[in-house]
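Q: What follows is a structure written as structure tokens; I'll ask about it next.
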Amino acid sequence: MQRKIKRAAVLGSGVMGAGIAAHLANVGIPTLMLDIVPKELTQAEKAKGLSLEDTVVRNRISMNNKAALKKQKPSPLTSQSNLDLIEVGNMSDDMEKLTDVDWVIEVVVENLDVKKKVFAEVDRYRKEGSIISSNTSGISIEAMSSECSEDFRKHFLGTHFFNPPRYLKLLEVIPTKDTDPEVLSFMKQFGEDVLGKGVVEAKDTPNFIANRIGTFGLLVTVQQMLEKGYSVGEVDSVTGPLIGRPKSATFRTLDVVGLDTFIHVANNVYDQVDGKEKEVFEVPAFMKEMNEKGWLGSKSGQGFFLKKKGEKGSEILQLNPETLEYETRNKLKTKATELAKNEKGSKRKIKALVSAKGDRAGDLIWSILKPVLLYSAELHGEIADDVPSIDEAMRWGFGWELGPFEVWDAIGLKESVDRMKEEGETIPSWIEEMLDQGYSTFYKAEEGAVHFYHKGNYVQQTFNAKEINIKRLKQTKEVIKKNAGASLIDLGDGVAGLEFHSRSNAIGLDIIQMINFAIDHVEENYEGLVIGNQAKNFCVGANLGMILMEAQDYNFFEIEMVVKNFQDAMMRMKYSDKPVVAAPFGMTLGGGTEVCLPASSIQASQETYMGLVEAGVGLIPGGGGNKELYIKHLRNIPEGVDFDLQKVAISVFEKIAMAKVSTSGEEARENGFLDSRDGISVNGDHLLHDAKQKVLGLARSGYTAPKRTKVPVVGEQGYATMLLGAKSLGLSGYASEHDLKIAEKLAFVLAGGRLKEGTLVDEQYLLDLEREAFLSLVGEPKSQARMQHMLVKGKPLRN
């Protein structure tokens, strides 16, 4: 049976239900979103003379929650237009519409009886063979469907999304004993390939995998803080990026999640376990009191932290758990924290911390990691069948860089177990057996394959065929050439890959040199080239520090040489005989966007934040970005359509002058950074594969280098029009004098200088104008002040 989910339904339109509906709409699936019928009229409805029988009233809850999606930040939608794919209704009048649905997702209140009633109705109306799932975070999946039909039970399973569904990668899939293996297999593949998720199969146990271990870890941390006298701020200062966890660390995470939500999740396990485990899941008294006071975190304005305005501006205060009063936030700074900060990578940082016995920070980290490692080992086999499932769930669901077993490998399994035994801990028998066999790591890499310990042996870990992992690839294929900024690697099937790996992937001469080498090498030996990497962000722009340093030393000749080389490399890429596909993701700013625009095609990630942001540091794009964005906008106009050249120029001018950055790949398309030739990958792990397939598709279709043509410009009249718009912003107080100077330079470049409107110019002419404007702005003291501020503070300066 060839399954396809063409239409879905979400039952329940709260934060989670609406978020799931939005994510389905983001991937192009029309979705029906239903909720309960209100029992009372609002004052506004009474004023309009409406009754409880009016459709607008009966659909009010789902309709309002759909509208709320527009206002949420970060946005659950990759494009506002995706709202059109969400149809609203209610669960009293519209259940018969489930006959047209391929997948029904239940996201109602966490109450077994309520869920059973909902599923009885779903069973009545659903079409045979349609998939049904629950997004419960902990109620037994088996129990929900026990009274439903056989066909329902065969097609039923848990699909636990993490909030917010658009951004968090984890999808836990939980089958029952009745779930058809074909349905389970399909949903796992669908979750990865269509929804873009990291899918982990979990067992039907309380809170499944990630919430079980994550909640345990958070409560252990709170208990250690209380027992050993650490402050909220001290704990957060060392339980975030220093140990490979999100910036929100421990208590900021609780504030974001909401204390009421966290307590509900903790209580769910507390009610279903016994002994020492039950003791850990008992929420401390001060947190219960916070919950009673309504101090829930971000949604209530205060929680473990409180933002308060004072004489010196805003200040963030921390809660004292003993007095329940707010006080000045403090941080934990010790020899171990300084040592860890100087180490490279989370593995080395964590090892440095846990090795620092007697150090206040080292002791804290060990005291909260040790129980999590032991707990994860005790649950192995109970919550999931293998080690990778637990590690992946924690990485994808909680944003940990390393899962529990990866942490154990990092700090040394044998050494840490010996220490645990010295401290009187009981080690799970399978860990003892593993060490007795002489195995000292949970994972090992051999010839580009990853193996993990499983029931006495090492088993090869399988990955989706669409996942190209550069690190593993380098273990099997020799790097063609590398320097400090980039490497050229063989991606297989006649496609080469250019990987940036400078600091923040910032573009300098080393990357420019590798681009030139890559074009030469690929034209002789390969079908085409992919420009991509697997760092935190694709590229944050040019090496700003180098530009500022040279400018302050008056080495403008050096700067011009670098800019000219960058422009020339982009032109070589654009007119290469072999297709070049850029694969941006994450922050793709300034020079990162300039690398993408001249490519034969762009394969962007759904989460691509693309923009020419140079105005924020007192400059304009210097690597051809102005010209390429302008040409791309012209190319987006259908052939034969009469258009206003001035409107095109103004549109490009506004995007660059306002440093507009897309909030998704889809918005990058709406902003004109992507066009019909470009694609978007929902699953970031598949991005390089999709880009590689694009290269092969272009090559097989007989790719030839584009013909060099002249570009129409708006000339002097257009320049004056753009400048007039900028000056009106200045008069309104929205633009400073220096903003206007930058805008003037940009307008001159885009207009093509003082020519007649419609004059056709060569690309090199526009590049020369751009380079000259860039260099003149680099020498401006106010531009240098903006660059300095960005480098030091990490945010733009308005001067």
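Scheme for the structure tokens: letters A, B, ... for chains in order shown; per-chain residue numbers from 1; ligand numbers from 1 in order shown.
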As a PyMOL selection string, please: all residues of segment 160-291 of chain A that backbone DSSP puts in strand (DSSP E).

A: chain A and resi 160-161+170-175+198-201

Q: Can you pull out every residue within 10 Å of segment 320-322 of chain A, counting only C-alpha atoms, but drop anything in the same chain fewer than 2 positions away, and send it as a ChimeraX atom specification?

A: /A:222,225-226,230-233,284-287,290,304-305,317-318,324-329

Q: With only C-alpha atoms as the atoms that count, which of A:Lys247, A:Lys4, A:Arg360, A:Lys177 lies nearest to Leu332 of chain A?

A: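 So, comparing all the options, the nearest one is A:Arg360.
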
Q: Mind pulling up the distance from atom CA of Ala120 of chain A to atom CA of Ser149 of chain A?

A: 9.0 Å

Q: Tell me which protein, DNA and RNA residues are within 12 Å of Val265 of chain A, counting only C-alpha atoms, leaving out same-chain ones fewer than 2 positions away, and put them as number ranges by chain.

A: A: 110, 136-139, 206-208, 210-216, 218-219, 254, 257-263, 267-272, 281-283

Q: Write out as a ChimeraX atom specification each polymer residue whose atoms come within 12 Å of segment 650-652 of chain A, counting only C-alpha atoms; drop sequence neighbours fewer than 5 positions from it.

A: /A:611-612,625-634,644-645,657-660,670-673,713-714,718-726,743,746-751

Q: I need the residue nearest Glu763 of chain A from this list: A:Gln717, A:Ser736, A:Lys710, A:Phe119. Use only C-alpha atoms for the distance.

A: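 Checking each of A:Gln717, A:Ser736, A:Lys710, A:Phe119 against Glu763 of chain A, counting only C-alpha atoms, the winner is A:Lys710.
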
Q: Identify, on the basis of only C-alpha atoms, every residue whose closest approach to segment 508-516 of chain A does not exceed 9 Å; exclude the query and any residue fewer than 5 positions from it along the same chain; express the result as a short mmCIF file (atom, residue, chain, number, x, y, z; two decimals) with all heavy atoms, in the first residue's frame.

A:
data_model
loop_
_atom_site.label_atom_id
_atom_site.label_comp_id
_atom_site.auth_asym_id
_atom_site.auth_seq_id
_atom_site.Cartn_x
_atom_site.Cartn_y
_atom_site.Cartn_z
N LYS A 481 41.47 19.04 -0.71
CA LYS A 481 42.39 20.12 -0.33
C LYS A 481 41.76 20.91 0.80
O LYS A 481 40.54 21.01 0.88
CB LYS A 481 42.67 21.05 -1.52
CG LYS A 481 43.74 22.10 -1.22
CD LYS A 481 44.12 22.91 -2.44
CE LYS A 481 45.22 23.91 -2.09
NZ LYS A 481 45.71 24.65 -3.26
N LYS A 482 42.59 21.43 1.68
CA LYS A 482 42.06 22.25 2.78
C LYS A 482 43.04 23.34 3.17
O LYS A 482 44.24 23.23 2.91
CB LYS A 482 41.72 21.38 3.99
CG LYS A 482 42.92 20.82 4.74
CD LYS A 482 42.50 20.04 5.98
CE LYS A 482 42.00 20.96 7.07
NZ LYS A 482 41.73 20.26 8.35
N ASN A 483 42.51 24.40 3.74
CA ASN A 483 43.33 25.41 4.40
C ASN A 483 42.61 25.80 5.70
O ASN A 483 41.67 25.13 6.11
CB ASN A 483 43.62 26.61 3.49
CG ASN A 483 42.36 27.37 3.06
OD1 ASN A 483 41.32 27.30 3.72
ND2 ASN A 483 42.44 28.11 1.96
N ALA A 484 43.03 26.86 6.34
CA ALA A 484 42.46 27.22 7.64
C ALA A 484 40.97 27.57 7.55
O ALA A 484 40.24 27.40 8.53
CB ALA A 484 43.22 28.40 8.23
N GLY A 485 40.52 28.02 6.38
CA GLY A 485 39.14 28.50 6.27
C GLY A 485 38.15 27.54 5.65
O GLY A 485 36.94 27.65 5.90
N ALA A 486 38.62 26.59 4.84
CA ALA A 486 37.68 25.73 4.10
C ALA A 486 38.35 24.44 3.66
O ALA A 486 39.59 24.35 3.60
CB ALA A 486 37.13 26.49 2.89
N SER A 487 37.52 23.45 3.33
CA SER A 487 38.00 22.18 2.79
C SER A 487 37.17 21.80 1.58
O SER A 487 35.95 22.03 1.56
CB SER A 487 37.87 21.06 3.84
OG SER A 487 38.72 21.28 4.93
N LEU A 488 37.82 21.21 0.61
CA LEU A 488 37.12 20.64 -0.54
C LEU A 488 37.08 19.14 -0.36
O LEU A 488 38.12 18.50 -0.20
CB LEU A 488 37.81 21.01 -1.85
CG LEU A 488 37.06 20.61 -3.13
CD1 LEU A 488 35.74 21.36 -3.25
CD2 LEU A 488 37.91 20.86 -4.37
N LEU A 498 32.26 22.02 -0.89
CA LEU A 498 33.15 23.02 -0.30
C LEU A 498 32.61 23.37 1.08
O LEU A 498 31.51 23.92 1.22
CB LEU A 498 33.23 24.27 -1.17
CG LEU A 498 34.16 25.38 -0.67
CD1 LEU A 498 35.60 24.89 -0.56
CD2 LEU A 498 34.09 26.60 -1.58
N PHE A 500 33.00 25.39 4.63
CA PHE A 500 33.63 26.47 5.37
C PHE A 500 33.84 26.00 6.81
O PHE A 500 32.96 25.37 7.39
CB PHE A 500 32.73 27.72 5.42
CG PHE A 500 32.47 28.37 4.07
CD1 PHE A 500 31.54 29.40 3.96
CD2 PHE A 500 33.14 27.97 2.93
CE1 PHE A 500 31.28 30.00 2.74
CE2 PHE A 500 32.89 28.57 1.70
CZ PHE A 500 31.95 29.58 1.61
N HIS A 501 34.99 26.33 7.41
CA HIS A 501 35.20 26.00 8.82
C HIS A 501 36.09 27.02 9.52
O HIS A 501 36.80 26.72 10.47
CB HIS A 501 35.76 24.58 9.01
CG HIS A 501 36.90 24.22 8.10
ND1 HIS A 501 38.12 24.86 8.11
CD2 HIS A 501 36.98 23.27 7.12
CE1 HIS A 501 38.91 24.31 7.21
NE2 HIS A 501 38.24 23.36 6.57
N SER A 502 36.04 28.28 9.04
CA SER A 502 36.72 29.35 9.75
C SER A 502 35.88 29.71 10.99
O SER A 502 34.79 29.18 11.18
CB SER A 502 36.85 30.58 8.85
OG SER A 502 35.57 31.04 8.47
N HIS A 521 39.07 22.92 -9.88
CA HIS A 521 39.14 21.46 -9.71
C HIS A 521 37.86 20.79 -10.18
O HIS A 521 37.90 19.75 -10.83
CB HIS A 521 39.41 21.14 -8.24
CG HIS A 521 39.79 19.72 -8.00
ND1 HIS A 521 41.04 19.21 -8.29
CD2 HIS A 521 39.06 18.67 -7.52
CE1 HIS A 521 41.07 17.93 -7.99
NE2 HIS A 521 39.89 17.57 -7.51
N ALA A 542 31.49 38.47 6.13
CA ALA A 542 32.93 38.61 5.93
C ALA A 542 33.64 38.73 7.28
O ALA A 542 33.01 38.95 8.31
CB ALA A 542 33.22 39.84 5.07
N ASN A 543 34.95 38.58 7.25
CA ASN A 543 35.75 38.71 8.47
C ASN A 543 35.83 40.18 8.86
O ASN A 543 36.72 40.91 8.43
CB ASN A 543 37.15 38.12 8.21
CG ASN A 543 37.97 38.05 9.48
OD1 ASN A 543 37.79 38.84 10.40
ND2 ASN A 543 38.90 37.11 9.51
N MET A 546 39.03 41.60 10.59
CA MET A 546 40.15 41.85 9.67
C MET A 546 39.93 43.16 8.91
O MET A 546 40.86 43.97 8.77
CB MET A 546 40.26 40.68 8.68
CG MET A 546 41.38 40.81 7.65
SD MET A 546 40.88 41.68 6.13
CE MET A 546 39.75 40.48 5.42
N VAL A 562 41.15 42.38 -1.19
CA VAL A 562 40.30 41.30 -0.68
C VAL A 562 38.90 41.39 -1.29
O VAL A 562 38.34 40.39 -1.75
CB VAL A 562 40.21 41.35 0.86
CG1 VAL A 562 39.18 40.34 1.37
CG2 VAL A 562 41.57 41.07 1.49
N ASN A 565 39.00 40.38 -4.91
CA ASN A 565 39.13 38.93 -5.01
C ASN A 565 37.81 38.22 -4.73
O ASN A 565 37.46 37.23 -5.37
CB ASN A 565 40.20 38.41 -4.03
CG ASN A 565 41.61 38.69 -4.51
OD1 ASN A 565 41.82 39.01 -5.68
ND2 ASN A 565 42.59 38.58 -3.63
N PHE A 566 37.08 38.75 -3.74
CA PHE A 566 35.77 38.18 -3.40
C PHE A 566 34.80 38.35 -4.57
O PHE A 566 34.12 37.41 -4.98
CB PHE A 566 35.24 38.84 -2.13
CG PHE A 566 33.99 38.22 -1.56
CD1 PHE A 566 33.64 36.90 -1.82
CD2 PHE A 566 33.13 38.96 -0.75
CE1 PHE A 566 32.49 36.33 -1.29
CE2 PHE A 566 31.97 38.41 -0.21
CZ PHE A 566 31.65 37.08 -0.49
N ALA A 569 35.77 36.00 -7.37
CA ALA A 569 35.44 34.60 -7.06
C ALA A 569 33.95 34.34 -7.26
O ALA A 569 33.54 33.28 -7.76
CB ALA A 569 35.85 34.27 -5.62
N MET A 570 33.12 35.31 -6.89
CA MET A 570 31.67 35.16 -7.07
C MET A 570 31.31 35.12 -8.56
O MET A 570 30.41 34.37 -8.97
CB MET A 570 30.92 36.29 -6.37
CG MET A 570 31.04 36.30 -4.84
SD MET A 570 30.50 34.77 -4.05
CE MET A 570 32.05 33.87 -3.88
N ARG A 572 33.34 34.05 -10.92
CA ARG A 572 33.81 32.75 -11.41
C ARG A 572 32.79 31.67 -11.09
O ARG A 572 32.53 30.77 -11.90
CB ARG A 572 35.15 32.40 -10.75
CG ARG A 572 36.32 33.25 -11.24
CD ARG A 572 37.62 32.47 -11.14
NE ARG A 572 37.54 31.26 -11.93
CZ ARG A 572 38.21 30.13 -11.64
NH1 ARG A 572 38.99 30.08 -10.58
NH2 ARG A 572 38.11 29.08 -12.41
N MET A 573 32.24 31.75 -9.88
CA MET A 573 31.23 30.77 -9.48
C MET A 573 30.00 30.88 -10.38
O MET A 573 29.47 29.87 -10.86
CB MET A 573 30.83 31.01 -8.02
CG MET A 573 29.84 29.99 -7.48
SD MET A 573 28.91 30.59 -6.05
CE MET A 573 30.24 30.97 -4.93
#

Q: Can you pull out every residue within 10 Å of Val122 of chain A, counting only C-alpha atoms, but drop anything in the same chain fewer than 2 positions away, and send it as a PyMOL selection string?

A: chain A and resi 11+91+95-96+98-99+104+106+116-120+124-127+132+148+152

Q: So which bits of segment 550-663 of chain A end up alpha helix (DSSP H) when you DSSP the backbone, as number ranges by chain?

A: A: 550-552, 556-574, 591-596, 625-635, 645-657

Q: As an NGL selection string, please: the residues near Gly17 of chain A (cut-off 6 Å, only C-alpha atoms, same-chain neighbours under 4 positions excluded).

A: :A and (12-13 or 107)

Q: Limited to C-alpha atoms, could you put the picked residues into a file as a PDB file, in the first residue's frame?

A:
ATOM      1  CA  GLY A  12      -7.446  20.583  20.076  1.00  0.00           C
ATOM      2  CA  SER A  13      -6.259  24.071  19.163  1.00  0.00           C
ATOM      3  CA  VAL A 107      -4.041  17.200  21.233  1.00  0.00           C
TER       4      VAL A 107
END

Q: Would you work out the distance separating atom CA of Lys73 of chain A from atom CA of Gly19 of chain A, expressed in Å to one decimal?

A: 11.8 Å

Q: For each of A:Met434, A:Leu775, A:Ala377, A:Leu34, take the minimum atom-to-atom distance to Lys414 of chain A, counting only C-alpha atoms, then give the residue where this is smallest.

A: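 With only C-alpha atoms as the atom set, the closest residue is A:Met434.
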
Q: State, in Å with one decimal place, the distance from atom CA of Lys197 of chain A to atom CA of Leu687 of chain A.

A: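 Rounded to one decimal, the two atoms are 13.0 Å apart.
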
Q: Could you produce a table of the residues of segment 167-268 of chain A lying within 7 Å of segment 367-376 of chain A, with the nearest pair of atoms per residue and their separation in Å rounded to one decimal, using only C-alpha atoms, ordered by chain and increasing residue number, as JSON lines?

A:
{"residue": "A:Ile213", "atom": "CA", "partner": "A:Ser376", "partner_atom": "CA", "distance": 6.8}
{"residue": "A:Gly217", "atom": "CA", "partner": "A:Val372", "partner_atom": "CA", "distance": 5.8}
{"residue": "A:Val220", "atom": "CA", "partner": "A:Ile368", "partner_atom": "CA", "distance": 6.1}
{"residue": "A:Thr221", "atom": "CA", "partner": "A:Ile368", "partner_atom": "CA", "distance": 5.6}

Q: Hey, can you spit out that residue selection with N, CA and C atoms as a compact mmCIF listing (two decimals), in the first residue's frame?

A:
# COMPACT_ATOMS: atom_id res chain seq x y z
N ILE A 213 13.82 11.67 31.31
CA ILE A 213 15.20 11.95 31.72
C ILE A 213 15.40 13.45 31.96
N GLY A 217 16.56 15.16 35.41
CA GLY A 217 17.78 15.97 35.48
C GLY A 217 17.52 17.35 36.06
N VAL A 220 16.84 16.91 39.88
CA VAL A 220 18.09 16.62 40.56
C VAL A 220 18.90 17.90 40.76
N THR A 221 18.92 18.74 39.72
CA THR A 221 19.66 20.01 39.79
C THR A 221 19.09 20.92 40.87
